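model-v4.cif follows; it contains mmCIF, C-alpha atoms and all ligand atoms.
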```cif
data_input
#
loop_
_atom_site.label_atom_id
_atom_site.label_comp_id
_atom_site.auth_asym_id
_atom_site.auth_seq_id
_atom_site.Cartn_x
_atom_site.Cartn_y
_atom_site.Cartn_z
CA MET G 22 74.59 82.47 119.38
CA MET G 23 77.52 80.41 118.07
CA LYS G 24 80.73 80.70 120.11
CA ARG G 25 83.83 78.48 120.02
CA THR G 26 87.60 78.53 120.34
CA SER G 27 90.20 77.87 117.69
CA ALA G 28 90.98 74.62 119.58
CA ASP G 29 87.38 73.51 118.83
CA ILE G 30 87.97 74.36 115.17
CA ARG G 31 91.28 72.47 115.11
CA LYS G 32 89.45 69.38 116.43
CA LYS G 33 86.88 69.69 113.64
CA ILE G 34 89.71 69.96 111.10
CA GLU G 35 91.41 66.85 112.53
CA LYS G 36 88.13 64.90 112.27
CA GLY G 37 87.67 66.04 108.68
CA GLU G 38 84.46 67.90 109.60
CA ALA G 39 85.56 71.50 109.17
CA VAL G 40 84.23 73.83 106.50
CA VAL G 41 87.06 75.94 105.10
CA MET G 42 86.35 78.53 102.41
CA THR G 43 88.37 81.20 100.69
CA ALA G 44 87.17 84.78 101.14
CA GLN G 45 86.31 84.63 97.44
CA GLU G 46 83.99 81.66 97.97
CA VAL G 47 82.30 83.43 100.89
CA SER G 48 81.87 86.54 98.78
CA ASP G 49 80.40 84.50 95.89
CA LEU G 50 77.91 82.78 98.23
CA LEU G 51 76.82 86.08 99.76
CA SER G 52 76.36 87.68 96.36
CA ARG G 53 74.00 84.79 95.52
CA GLY G 54 72.12 85.43 98.79
CA ASP G 55 73.24 82.12 100.33
CA GLU G 56 73.83 83.23 103.92
CA THR G 57 72.94 79.79 105.27
CA SER G 58 76.03 78.17 103.71
CA VAL G 59 78.25 80.99 105.00
CA ARG G 60 77.00 80.37 108.58
CA GLU G 61 78.54 76.86 108.32
CA VAL G 62 82.07 78.17 107.71
CA ASP G 63 84.78 77.42 110.30
CA VAL G 64 87.82 79.05 108.68
CA VAL G 65 88.05 81.70 105.97
CA THR G 66 91.32 81.88 104.09
CA THR G 67 92.30 85.36 102.92
CA GLY G 68 95.14 86.68 100.78
CA THR G 69 96.91 89.66 99.39
CA ARG G 70 99.76 90.21 96.96
CA GLY G 71 101.30 93.57 96.27
CA ILE G 72 104.29 95.82 96.32
CA MET G 73 105.38 95.79 99.95
CA SER G 74 108.30 98.17 100.36
CA GLY G 75 108.77 97.39 104.05
CA THR G 76 110.32 93.98 103.43
CA TYR G 77 113.83 92.84 104.27
CA ALA G 78 115.81 89.64 104.64
CA VAL G 79 118.13 88.64 107.46
CA LEU G 80 120.76 86.26 106.11
CA SER G 81 123.69 84.53 107.77
CA PHE G 82 126.26 82.27 106.13
CA PRO G 83 129.99 81.46 106.09
CA MET G 84 131.97 83.71 103.75
CA THR G 85 135.42 82.18 104.26
CA ALA G 86 137.16 79.77 106.62
CA PRO G 87 137.56 81.23 110.16
CA GLY G 88 140.45 83.63 110.75
CA LEU G 89 140.87 84.87 107.14
CA PHE G 90 139.48 88.33 107.89
CA ASP G 91 138.60 90.23 111.07
CA ARG G 92 135.35 91.94 110.14
CA ALA G 93 133.33 92.54 107.01
CA GLU G 94 132.86 96.19 106.17
CA ARG G 95 130.96 96.12 102.90
CA VAL G 96 128.94 93.34 101.26
CA THR G 97 126.93 93.08 98.05
CA MET G 98 124.79 90.20 96.81
CA ASN G 99 124.38 90.18 93.01
CA GLY G 100 125.45 93.82 93.27
CA VAL G 101 122.70 94.69 95.80
CA PRO G 102 124.23 96.30 98.90
CA ALA G 103 123.61 94.55 102.21
CA ILE G 104 123.85 96.04 105.69
CA VAL G 105 126.54 94.21 107.62
CA GLY G 106 125.72 93.21 111.19
CA PRO G 107 124.57 93.83 113.81
CA CYS G 108 126.80 90.97 114.98
CA PRO G 109 130.41 91.52 113.80
CA ASN G 110 131.28 87.78 113.89
CA GLU G 111 134.91 88.76 114.55
CA ARG G 112 137.39 86.37 112.84
CA LEU G 113 134.69 83.72 112.39
CA GLY G 114 134.51 84.10 108.59
CA VAL G 115 130.71 84.35 108.97
CA LEU G 116 128.46 87.16 107.68
CA ASP G 117 125.27 88.38 109.33
CA LEU G 118 123.43 90.65 106.89
CA MET G 119 120.25 92.60 106.35
CA VAL G 120 119.10 93.18 102.77
CA PHE G 121 116.24 95.58 102.05
CA GLY G 122 113.71 94.65 99.36
CA THR G 123 114.10 98.20 98.00
CA SER G 124 117.91 98.24 97.79
CA VAL G 125 119.27 98.71 94.27
CA ASN G 126 122.08 96.99 92.38
CA GLU G 127 124.92 99.49 92.13
CA SER G 128 125.35 99.14 88.35
CA ASP G 129 121.89 97.94 87.24
CA PRO G 130 119.00 100.20 88.29
CA ARG G 131 116.52 97.52 87.15
CA TYR G 132 117.68 94.95 89.71
CA GLY G 133 116.94 95.26 93.43
CA GLY G 134 116.46 93.38 96.67
CA GLY G 135 113.10 91.94 95.50
CA HIS G 136 114.80 90.41 92.44
CA LEU G 137 117.54 89.00 94.66
CA PHE G 138 115.00 87.40 97.02
CA ARG G 139 113.25 85.74 94.09
CA GLU G 140 116.51 84.37 92.69
CA LEU G 141 117.35 82.96 96.11
CA MET G 142 113.92 81.25 96.23
CA GLU G 143 114.56 79.88 92.72
CA GLY G 144 117.68 78.17 94.06
CA LYS G 145 120.00 80.23 91.83
CA GLU G 146 123.61 80.90 92.70
CA ILE G 147 124.17 84.40 94.08
CA GLU G 148 127.47 86.25 93.78
CA VAL G 149 128.60 87.65 97.14
CA GLY G 150 131.27 90.39 97.15
CA MET G 151 132.86 91.47 100.43
CA THR G 152 135.39 94.08 101.50
CA ALA G 153 137.02 93.42 104.88
CA ASP G 154 137.97 96.16 107.36
CA ASP G 155 141.58 96.02 106.11
CA GLY G 156 140.46 96.66 102.51
CA ARG G 157 141.00 93.11 101.22
CA GLU G 158 138.29 91.78 98.92
CA PHE G 159 136.67 88.35 98.99
CA SER G 160 133.97 86.75 96.88
CA ARG G 161 131.98 83.54 96.79
CA LYS G 162 128.88 82.08 95.21
CA ILE G 163 126.05 80.88 97.43
CA THR G 164 122.53 79.46 97.18
CA LEU G 165 119.66 79.71 99.65
CA GLU G 166 120.19 76.04 100.54
CA ASP G 167 123.75 76.82 101.65
CA MET G 168 122.57 79.41 104.17
CA PRO G 169 122.05 78.18 107.72
CA PHE G 170 119.76 81.19 108.35
CA ALA G 171 117.55 83.04 105.86
CA ARG G 172 114.44 84.78 107.14
CA MET G 173 112.17 87.31 105.49
CA MET G 174 110.87 90.03 107.80
CA ALA G 175 108.80 93.17 107.48
CA THR G 176 108.61 96.64 108.94
CA ARG G 177 105.27 97.10 107.19
CA ASN G 178 103.35 94.60 105.04
CA ALA G 179 99.80 93.58 104.21
CA PHE G 180 97.98 96.89 104.69
CA ARG G 181 94.24 96.58 105.13
CA ASN G 182 93.77 97.43 101.46
CA TYR G 183 95.54 100.65 100.54
CA ARG G 184 94.87 103.46 98.08
CA ALA G 185 94.79 104.75 94.52
CA VAL G 186 97.06 107.45 93.19
CA VAL G 187 96.48 110.19 90.59
CA ASN G 188 98.43 113.24 89.45
CA THR G 189 96.41 116.49 89.45
CA GLY G 190 99.49 118.57 88.65
CA ASP G 191 100.86 119.74 85.34
CA ALA G 192 104.10 117.73 85.22
CA PRO G 193 104.79 114.00 85.16
CA VAL G 194 105.98 112.53 88.46
CA ARG G 195 108.38 109.67 89.07
CA THR G 196 106.90 107.48 91.77
CA ILE G 197 107.02 104.06 93.38
CA PHE G 198 103.26 103.93 92.65
CA HIS G 199 103.65 103.36 88.91
CA ALA G 200 105.81 101.38 86.48
CA ASP G 201 106.25 104.61 84.51
CA VAL G 202 105.99 108.32 85.31
CA LEU G 203 102.48 109.22 86.45
CA ARG G 204 101.16 111.57 83.82
CA PRO G 205 99.61 114.89 84.89
CA GLY G 206 96.12 116.26 84.47
CA LEU G 207 94.20 113.39 86.10
CA ARG G 208 94.80 111.24 83.03
CA GLU G 209 95.63 107.98 84.77
CA LEU G 210 95.29 106.13 88.05
CA THR G 211 97.19 103.31 89.72
CA PHE G 212 96.07 101.48 92.84
CA SER G 213 96.99 98.86 95.46
CA GLY G 214 94.74 96.54 97.45
CA CYS G 215 93.09 93.15 96.90
CA GLY G 216 89.63 94.27 98.10
CA HIS G 217 87.46 91.58 99.65
CA LEU G 218 90.30 89.01 99.75
CA ASN G 219 92.45 91.18 102.04
CA PRO G 220 93.28 89.57 105.43
CA LEU G 221 92.72 92.58 107.70
CA GLN G 222 89.57 93.46 105.77
CA ASN G 223 88.10 90.12 106.85
CA ASP G 224 89.14 90.53 110.51
CA PRO G 225 89.08 94.28 111.17
CA GLU G 226 88.57 93.79 114.92
CA LEU G 227 91.79 91.71 115.01
CA ARG G 228 90.00 88.83 116.73
CA ALA G 229 92.01 86.12 114.95
CA ILE G 230 94.97 88.06 113.60
CA GLY G 231 97.47 88.70 116.40
CA ILE G 232 101.06 88.11 117.46
CA GLY G 233 101.89 84.49 116.77
CA THR G 234 99.24 83.86 114.11
CA ARG G 235 100.67 81.34 111.63
CA VAL G 236 100.39 82.57 108.03
CA LEU G 237 101.77 81.85 104.58
CA VAL G 238 104.29 84.36 103.23
CA ASN G 239 105.14 83.74 99.58
CA GLY G 240 103.87 80.20 100.11
CA GLY G 241 106.20 79.43 103.05
CA GLU G 242 105.08 79.33 106.68
CA GLY G 243 105.65 82.36 108.86
CA PHE G 244 104.21 84.18 111.85
CA ILE G 245 102.73 87.60 112.46
CA THR G 246 104.92 89.55 114.88
CA GLY G 247 102.86 92.72 115.35
CA LYS G 248 101.65 95.89 113.73
CA GLY G 249 103.93 97.72 111.33
CA THR G 250 105.18 101.27 110.96
CA ARG G 251 102.62 103.90 109.93
CA THR G 252 99.81 101.65 111.14
CA SER G 253 96.67 103.52 112.21
CA PRO G 254 93.20 102.38 113.30
CA GLY G 255 91.77 103.09 109.85
CA SER G 256 94.75 101.74 107.94
CA PRO G 257 96.51 98.99 109.87
CA ASN G 258 99.30 96.80 108.52
CA LEU G 259 101.34 93.90 109.87
CA THR G 260 104.87 92.67 110.47
CA MET G 261 106.02 89.08 110.10
CA VAL G 262 108.90 86.67 110.13
CA ALA G 263 109.08 83.72 107.73
CA ASP G 264 111.70 81.19 106.69
CA MET G 265 112.76 81.90 103.09
CA LYS G 266 113.37 78.21 102.49
CA GLY G 267 110.13 76.76 101.16
CA MET G 268 108.91 80.05 99.64
CA ASP G 269 107.47 79.94 96.12
CA PRO G 270 109.30 82.37 93.79
CA GLU G 271 106.15 82.89 91.77
CA MET G 272 104.63 84.66 94.77
CA ALA G 273 107.45 87.19 95.21
CA GLY G 274 109.99 89.24 93.28
CA GLY G 275 111.06 92.61 92.03
CA PHE G 276 108.83 95.23 90.38
CA ILE G 277 110.40 98.17 88.58
CA THR G 278 108.74 101.51 89.22
CA SER G 279 109.74 104.86 87.77
CA ALA G 280 111.33 105.64 91.16
CA GLY G 281 113.36 102.41 91.33
CA PRO G 282 112.97 98.71 92.07
CA GLU G 283 110.37 97.58 94.58
CA CYS G 284 109.66 94.27 96.28
CA THR G 285 106.48 92.18 95.90
CA VAL G 286 105.21 89.86 98.64
CA SER G 287 102.18 87.57 98.99
CA TRP G 288 100.36 86.71 102.20
CA ALA G 289 97.61 84.21 103.02
CA VAL G 290 96.04 84.39 106.47
CA PRO G 291 93.51 81.99 108.03
CA ILE G 292 90.61 83.57 109.93
CA PRO G 293 88.95 81.05 112.27
CA ILE G 294 85.34 82.13 112.81
CA LEU G 295 84.95 82.18 116.59
CA ASP G 296 81.46 83.67 116.81
CA ASP G 297 78.65 85.15 114.73
CA GLY G 298 80.12 88.63 115.16
CA MET G 299 83.12 87.72 113.03
CA LEU G 300 80.83 86.64 110.20
CA ARG G 301 79.71 90.26 109.79
CA PHE G 302 83.05 91.12 108.23
CA VAL G 303 83.86 88.17 105.98
CA GLY G 304 82.76 88.48 102.40
CA THR G 305 82.34 92.27 102.58
CA PRO G 306 81.71 93.16 98.94
CA ASP G 307 84.32 95.21 97.09
CA SER G 308 81.65 97.87 96.63
CA SER G 309 81.62 98.44 100.43
CA ILE G 310 85.39 98.73 100.76
CA GLY G 311 86.56 102.30 100.44
CA MET G 312 89.57 103.18 98.28
CA PRO G 313 91.03 106.59 99.16
CA ILE G 314 92.42 108.48 96.16
CA THR G 315 95.62 110.37 96.77
CA ASP G 316 97.32 113.10 94.78
CA ILE G 317 100.90 112.08 94.09
CA LYS G 318 102.08 115.71 94.39
CA ASP G 319 101.55 115.98 98.13
CA ARG G 320 99.91 112.66 99.14
CA ASP G 321 96.72 114.55 100.05
CA GLN G 322 93.46 112.66 99.67
CA VAL G 323 91.43 114.13 96.79
CA GLY G 324 88.55 111.67 96.70
CA THR G 325 87.22 108.24 97.58
CA ALA G 326 86.10 105.37 95.38
CA ASP G 327 85.58 101.69 96.19
CA TYR G 328 87.29 98.46 95.18
CA SER G 329 84.43 97.26 92.94
CA GLN G 330 85.52 99.91 90.44
CA VAL G 331 88.92 98.29 90.03
CA TRP G 332 88.11 94.60 90.51
CA ASP G 333 84.53 93.88 89.43
CA GLY G 334 84.05 93.03 85.77
CA VAL G 335 87.66 93.82 84.82
CA SER G 336 90.26 91.50 83.25
CA ALA G 337 92.17 89.70 86.00
CA THR G 338 94.95 88.85 83.54
CA VAL G 339 96.20 90.18 80.20
CA SER G 340 95.38 88.27 77.01
CA VAL G 341 97.93 88.02 74.19
CA ASP G 342 97.33 88.04 70.45
CA ALA G 343 100.82 87.75 68.99
CA SER G 344 99.49 87.98 65.42
CA ALA G 345 98.50 91.63 66.05
CA CYS G 346 102.11 92.71 66.60
CA LEU G 347 103.20 95.74 64.52
CA GLU G 348 106.88 94.90 65.05
CA CYS G 349 107.64 98.39 66.40
CA ILE G 350 111.31 99.38 66.31
CA GLU G 351 111.23 99.54 70.10
CA CYS G 352 108.66 97.52 71.99
CA GLU G 353 107.55 99.91 74.72
CA ALA G 354 105.41 97.23 76.35
CA GLN G 355 108.48 95.04 76.76
CA GLU G 356 110.70 97.92 77.82
CA LYS G 357 108.31 99.13 80.52
CA CYS G 358 107.02 95.79 81.84
CA PRO G 359 107.86 96.09 85.57
CA THR G 360 108.70 92.42 85.94
CA ALA G 361 110.52 91.84 82.61
CA ALA G 362 107.88 89.25 81.73
CA ILE G 363 107.59 90.13 78.01
CA ASP G 364 109.82 88.48 75.46
CA PHE G 365 109.88 87.55 71.78
CA PRO G 366 110.63 83.83 71.56
CA GLY G 367 110.72 82.89 67.88
CA GLY G 368 110.13 86.58 67.04
CA LEU G 369 106.59 86.70 68.50
CA PRO G 370 105.54 88.67 71.61
CA SER G 371 104.66 86.57 74.61
CA ILE G 372 104.27 86.83 78.39
CA ASP G 373 106.11 84.62 80.86
CA ARG G 374 103.17 83.95 83.22
CA HIS G 375 105.50 82.94 86.08
CA LEU G 376 107.07 86.39 86.03
CA CYS G 377 103.95 88.40 85.13
CA PHE G 378 102.38 90.36 88.03
CA ASN G 379 99.06 90.91 86.17
CA CYS G 380 99.51 94.67 86.55
CA GLY G 381 97.99 95.23 83.10
CA PHE G 382 100.37 98.06 82.17
CA CYS G 383 101.41 96.40 78.87
CA SER G 384 97.80 96.66 77.65
CA THR G 385 98.13 100.46 77.80
CA MET G 386 101.64 100.56 76.28
CA CYS G 387 101.28 98.22 73.30
CA ARG G 388 100.88 100.14 70.05
CA GLY G 389 99.13 97.19 68.41
CA GLU G 390 96.41 95.08 70.01
CA VAL G 391 98.75 92.36 71.25
CA PHE G 392 98.25 92.78 75.00
CA LYS G 393 94.63 93.32 75.96
CA ALA G 394 93.00 93.89 79.32
CA ASP G 395 90.14 95.97 80.67
CA LEU G 396 91.60 97.52 83.83
CA GLY G 397 88.49 99.58 84.62
CA ARG G 398 87.84 103.27 85.19
CA VAL G 399 87.42 104.97 88.55
CA ARG G 400 84.72 107.58 89.15
CA PHE G 401 84.88 109.86 92.14
CA GLU G 402 83.96 113.33 93.28
CA MET G 403 86.71 115.92 93.45
CA GLU G 404 86.08 119.52 94.48
CA GLY G 405 82.36 119.06 93.81
CA GLN G 406 82.90 117.64 90.30
CA GLU G 407 82.45 114.04 89.18
CA VAL G 408 85.64 112.81 87.49
CA GLU G 409 86.49 109.52 85.79
CA VAL G 410 90.08 108.29 85.45
CA PRO G 411 91.27 105.09 83.70
CA VAL G 412 93.36 102.55 85.62
CA VAL G 413 96.74 102.09 83.90
CA CYS G 414 98.68 99.92 86.35
CA ARG G 415 97.68 97.64 89.24
CA GLN G 416 100.13 97.30 92.06
CA SER G 417 98.29 94.33 93.53
CA ASP G 418 97.93 90.90 91.93
CA ARG G 419 94.58 89.45 92.93
CA VAL G 420 95.15 86.32 90.83
CA ARG G 421 98.10 85.22 92.99
CA ALA G 422 96.41 86.43 96.21
CA LEU G 423 93.52 84.09 95.46
CA LYS G 424 95.86 81.27 94.45
CA LEU G 425 97.64 81.54 97.81
CA ALA G 426 94.33 81.70 99.73
CA GLU G 427 93.23 78.53 97.87
CA ASN G 428 96.56 76.88 98.65
CA LEU G 429 96.15 77.73 102.34
CA LYS G 430 92.64 76.21 102.32
CA GLU G 431 94.02 72.95 100.87
CA ARG G 432 96.83 72.84 103.42
CA ILE G 433 94.43 73.41 106.34
CA LEU G 434 92.12 70.65 105.10
CA ASP G 435 94.93 68.13 104.53
CA GLY G 436 96.43 68.90 107.96
CA SER G 437 99.77 70.21 106.69
CA PHE G 438 99.04 73.74 107.99
CA VAL G 439 97.82 74.06 111.59
CA ILE G 440 96.01 77.22 112.63
CA THR G 441 97.41 78.82 115.79
CA ASP G 442 96.01 81.03 118.53
CA ALA G 443 97.60 84.45 118.81
CA VAL G 444 99.82 84.67 121.89
CA GLU G 445 98.85 88.32 122.25
CA ARG G 446 96.05 90.31 120.67
CA LEU G 447 96.67 93.37 118.56
CA HIS G 448 94.08 96.03 119.14
CA PRO G 449 92.50 97.92 116.26
S1 LIG W 1 100.62 92.51 82.99
FE1 LIG W 1 102.01 93.03 81.29
S2 LIG W 1 103.26 94.73 82.06
FE2 LIG W 1 102.30 93.78 83.84
S3 LIG W 1 103.77 92.29 84.56
FE3 LIG W 1 102.42 91.18 83.17
S4 LIG W 1 103.41 91.29 81.18
FE4 LIG W 1 104.39 92.85 82.48
S1 LIG W 2 104.40 97.47 71.40
FE1 LIG W 2 102.96 95.84 70.88
S2 LIG W 2 102.81 95.97 68.66
FE2 LIG W 2 104.69 97.07 69.22
S3 LIG W 2 106.34 95.52 69.15
FE3 LIG W 2 105.54 95.55 71.23
S4 LIG W 2 104.02 93.92 71.24
FE4 LIG W 2 104.37 94.42 69.10
#
```
How does this structure look as structure tokens?
Amino acid sequence: MMKRTSADIRKKIEKGEAVVMTAQEVSDLLSRGDETSVREVDVVTTGTRGIMSGTYAVLSFPMTAPGLFDRAERVTMNGVPAIVGPCPNERLGVLDLMVFGTSVNESDPRYGGGHLFRELMEGKEIEVGMTADDGREFSRKITLEDMPFARMMATRNAFRNYRAVVNTGDAPVRTIFHADVLRPGLRELTFSGCGHLNPLQNDPELRAIGIGTRVLVNGGEGFITGKGTRTSPGSPNLTMVADMKGMDPEMAGGFITSAGPECTVSWAVPIPILDDGMLRFVGTPDSSIGMPITDIKDRDQVGTADYSQVWDGVSATVSVDASACLECIECEAQEKCPTAAIDFPGGLPSIDRHLCFNCGFCSTMCRGEVFKADLGRVRFEMEGQEVEVPVVCRQSDRVRALKLAENLKERILDGSFVITDAVERLHP
């Protein structure tokens, strides 16, 4: 029986002898029946990208010269309210702030913390407004580069897959689980979870994933700090800390739901294969990964499907045929795109692929045949009846999750990313 430590694997990597594969590659090999090649693997790189509400930033930077105000009482960044503190930085002119990914711009309900984080990563200037404890107001512009401290953290991220949502009621529901209201009568379904690519799915016994595991968050290096809120044995999630400098804006951002702006985050996690037992879990097919289906009315589970129904044989991205545009008076696809990725340069509809989350919603909103994607249909049993519901919006982006897992593989092989041992194990 094969048994080794991550130090043994690091040595193999240094000598250029390690076999590193993405979870997608492992899955492809297994589906071809090639178990022999999979037994050679030393590290599996996994990934997930989705709406991760439990994300916040801790930022610290000089607001004015020392002595110009005693304490900050209220701060906004591009209109998004920040929480001041916990350190008061009395008379230092310095702000310590927490900004939630779900906080909303006070005058623009389509701009939130997730949008702000992305603009920081893009190197854009951010407008900071501050009211001091004596009522005086100050403002300044700042970029991420100007901040001595900018870390992204999480109260809850990277669930081991997640769930699908339907509405069995008779009225539409505003929800963070859809870019629009979720229509009643079991007419549509949205879901989250990257299936077989998901980090915790590939290491459910938490053999490699623990406190101190080095990971990529939005393309920058970070570390796992523990389990997150609402974690449970069947549905664990993780917390992390990662430097915002070096993050790739394409991997993060804001996502407008019918209940307000949300924050998207991408993770890639290396899983060193320490013994044969760990191989049992890598490459688990989507068809063996359960997807609970929840009713948005009360969050009760009404059925179970699996991730093959939403990822196998569907369109990973949306195709665009601008010539099919009907030139509607109002373009609903553009209006409801959760990442504002649709525009009409030169009068023709097009998608900004850097902004696009690959949610597929525009393919259901376009009145012509401009935006096309097969998002799949989900069959499940509910109250003894077989039902089938079309997917209308994905809240996970498997294209970027795979891209980040591939990027992590390259970085491990070229030595620029070093896999770590957890300093303490997390128990399932
Ligand atoms: S798939 Fe369509 S609706 Fe979704 S983010 Fe991309 S352009 Fe917008
Ligand atoms: S909804 Fe579709 S057909 Fe209508 S304007 Fe928008 S892109 Fe064109």
At a cut-off of 7 Å, using all atoms listed in the file, what residues contact range 42-56 of chain G? Leave out same-chain residues fewer than 4 positions from it and give the result as a PDB file with C-alpha atoms, in the coordinates of the input.
```pdb
ATOM      1  CA  ARG G  60      77.000  80.370 108.580  1.00  0.00           C
ATOM      2  CA  VAL G  62      82.070  78.170 107.710  1.00  0.00           C
ATOM      3  CA  VAL G  64      87.820  79.050 108.680  1.00  0.00           C
ATOM      4  CA  VAL G  65      88.050  81.700 105.970  1.00  0.00           C
ATOM      5  CA  THR G  66      91.320  81.880 104.090  1.00  0.00           C
ATOM      6  CA  THR G  67      92.300  85.360 102.920  1.00  0.00           C
ATOM      7  CA  HIS G 217      87.460  91.580  99.650  1.00  0.00           C
ATOM      8  CA  LEU G 218      90.300  89.010  99.750  1.00  0.00           C
ATOM      9  CA  VAL G 303      83.860  88.170 105.980  1.00  0.00           C
ATOM     10  CA  GLY G 304      82.760  88.480 102.400  1.00  0.00           C
ATOM     11  CA  THR G 305      82.340  92.270 102.580  1.00  0.00           C
ATOM     12  CA  PRO G 306      81.710  93.160  98.940  1.00  0.00           C
ATOM     13  CA  ALA G 426      94.330  81.700  99.730  1.00  0.00           C
ATOM     14  CA  GLU G 427      93.230  78.530  97.870  1.00  0.00           C
ATOM     15  CA  LYS G 430      92.640  76.210 102.320  1.00  0.00           C
TER      16      LYS G 430
END
```
Separation of CA of Arg184 in chain G from CA of Phe244 in chain G in Å: 25.5 Å
Using only C-alpha atoms and all ligand atoms, determine which residues fall within 10 Å of ligand LIG 2 (chain W), then list them as JSON, numbers by chain. {"G": [341, 342, 343, 344, 345, 346, 347, 348, 349, 350, 351, 352, 353, 354, 355, 356, 363, 364, 365, 368, 369, 370, 371, 383, 384, 385, 386, 387, 388, 389, 390, 391, 392]}
Using only C-alpha atoms and all ligand atoms, the residue out of G:Arg374, G:Arg251, G:Arg432, G:Arg419 with shortest distance to ligand LIG 1 (chain W) is G:Arg374
CA of Glu402 in chain G to CA of Gln322 in chain G, distance in Å rounded to a single decimal: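 These atoms are spaced 11.5 Å apart.
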Take the point (117.5, 79.4, 98.6) as written in the file and pick out every residue within 10 Å of it, counting all atoms listed in the file; give the list as a short mmCIF file (atom, residue, chain, number, x, y, z; two decimals) with C-alpha atoms, in the frame of the given file.
```
data_model
loop_
_atom_site.label_atom_id
_atom_site.label_comp_id
_atom_site.auth_asym_id
_atom_site.auth_seq_id
_atom_site.Cartn_x
_atom_site.Cartn_y
_atom_site.Cartn_z
CA PHE G 138 115.00 87.40 97.02
CA ARG G 139 113.25 85.74 94.09
CA GLU G 140 116.51 84.37 92.69
CA LEU G 141 117.35 82.96 96.11
CA MET G 142 113.92 81.25 96.23
CA GLU G 143 114.56 79.88 92.72
CA GLY G 144 117.68 78.17 94.06
CA LYS G 145 120.00 80.23 91.83
CA GLU G 146 123.61 80.90 92.70
CA ILE G 147 124.17 84.40 94.08
CA ILE G 163 126.05 80.88 97.43
CA THR G 164 122.53 79.46 97.18
CA LEU G 165 119.66 79.71 99.65
CA GLU G 166 120.19 76.04 100.54
CA ASP G 167 123.75 76.82 101.65
CA MET G 168 122.57 79.41 104.17
CA ALA G 171 117.55 83.04 105.86
CA MET G 265 112.76 81.90 103.09
CA LYS G 266 113.37 78.21 102.49
CA GLY G 267 110.13 76.76 101.16
CA MET G 268 108.91 80.05 99.64
CA PRO G 270 109.30 82.37 93.79
#
```
Please find the residues contacting ligand LIG 1 (chain W) at a distance of at most 7 Å between atoms, with all atoms listed in the file counted, and report them as a ChimeraX atom specification. /G:338-339,354,357-363,372,376-384
Set the distance at 12 Å and use all atoms listed in the file: which residues neighbour Ile433 in chain G once local chain neighbours fewer than 4 positions away are removed? I'd like the list as number ranges by chain. G: 30-35, 37-43, 63-66, 235-237, 289-293, 426-429, 437-441
Identify, on the basis of all atoms listed in the file, every residue whose closest approach to Ala273 in chain G does not exceed 12 Å; exclude the query and any residue fewer than 4 positions from it along the same chain; express the result as an mmCIF file with C-alpha atoms, in the frame of the given file.
```
data_model
loop_
_atom_site.group_PDB
_atom_site.id
_atom_site.type_symbol
_atom_site.label_atom_id
_atom_site.label_comp_id
_atom_site.auth_asym_id
_atom_site.auth_seq_id
_atom_site.Cartn_x
_atom_site.Cartn_y
_atom_site.Cartn_z
ATOM 1 C CA THR G 69 96.910 89.660 99.390
ATOM 2 C CA ARG G 70 99.760 90.210 96.960
ATOM 3 C CA GLY G 71 101.300 93.570 96.270
ATOM 4 C CA ILE G 72 104.290 95.820 96.320
ATOM 5 C CA MET G 73 105.380 95.790 99.950
ATOM 6 C CA THR G 76 110.320 93.980 103.430
ATOM 7 C CA GLY G 122 113.710 94.650 99.360
ATOM 8 C CA GLY G 134 116.460 93.380 96.670
ATOM 9 C CA GLY G 135 113.100 91.940 95.500
ATOM 10 C CA HIS G 136 114.800 90.410 92.440
ATOM 11 C CA LEU G 137 117.540 89.000 94.660
ATOM 12 C CA PHE G 138 115.000 87.400 97.020
ATOM 13 C CA ARG G 139 113.250 85.740 94.090
ATOM 14 C CA GLU G 140 116.510 84.370 92.690
ATOM 15 C CA LEU G 141 117.350 82.960 96.110
ATOM 16 C CA MET G 142 113.920 81.250 96.230
ATOM 17 C CA GLU G 143 114.560 79.880 92.720
ATOM 18 C CA MET G 173 112.170 87.310 105.490
ATOM 19 C CA VAL G 238 104.290 84.360 103.230
ATOM 20 C CA ASN G 239 105.140 83.740 99.580
ATOM 21 C CA GLY G 240 103.870 80.200 100.110
ATOM 22 C CA GLY G 241 106.200 79.430 103.050
ATOM 23 C CA MET G 265 112.760 81.900 103.090
ATOM 24 C CA MET G 268 108.910 80.050 99.640
ATOM 25 C CA ASP G 269 107.470 79.940 96.120
ATOM 26 C CA GLU G 283 110.370 97.580 94.580
ATOM 27 C CA CYS G 284 109.660 94.270 96.280
ATOM 28 C CA THR G 285 106.480 92.180 95.900
ATOM 29 C CA VAL G 286 105.210 89.860 98.640
ATOM 30 C CA SER G 287 102.180 87.570 98.990
ATOM 31 C CA TRP G 288 100.360 86.710 102.200
ATOM 32 C CA THR G 360 108.700 92.420 85.940
ATOM 33 C CA HIS G 375 105.500 82.940 86.080
ATOM 34 C CA LEU G 376 107.070 86.390 86.030
ATOM 35 C CA CYS G 377 103.950 88.400 85.130
ATOM 36 C CA PHE G 378 102.380 90.360 88.030
ATOM 37 C CA SER G 417 98.290 94.330 93.530
ATOM 38 C CA ASP G 418 97.930 90.900 91.930
ATOM 39 C CA ARG G 421 98.100 85.220 92.990
ATOM 40 C CA ALA G 422 96.410 86.430 96.210
ATOM 41 C CA LEU G 425 97.640 81.540 97.810
#
```
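When only C-alpha atoms are used to compute distances to Gly249 in chain G, the closest of the residues G:Ala86, G:Cys215, G:Ala175, G:Val413 turns out to be G:Ala175.
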Could you state the separation of CA of Ser81 in chain G and CA of Gly274 in chain G in Å, given to one decimal place?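 For CA of Ser81 in chain G relative to CA of Gly274 in chain G, the distance reads 20.5 Å.
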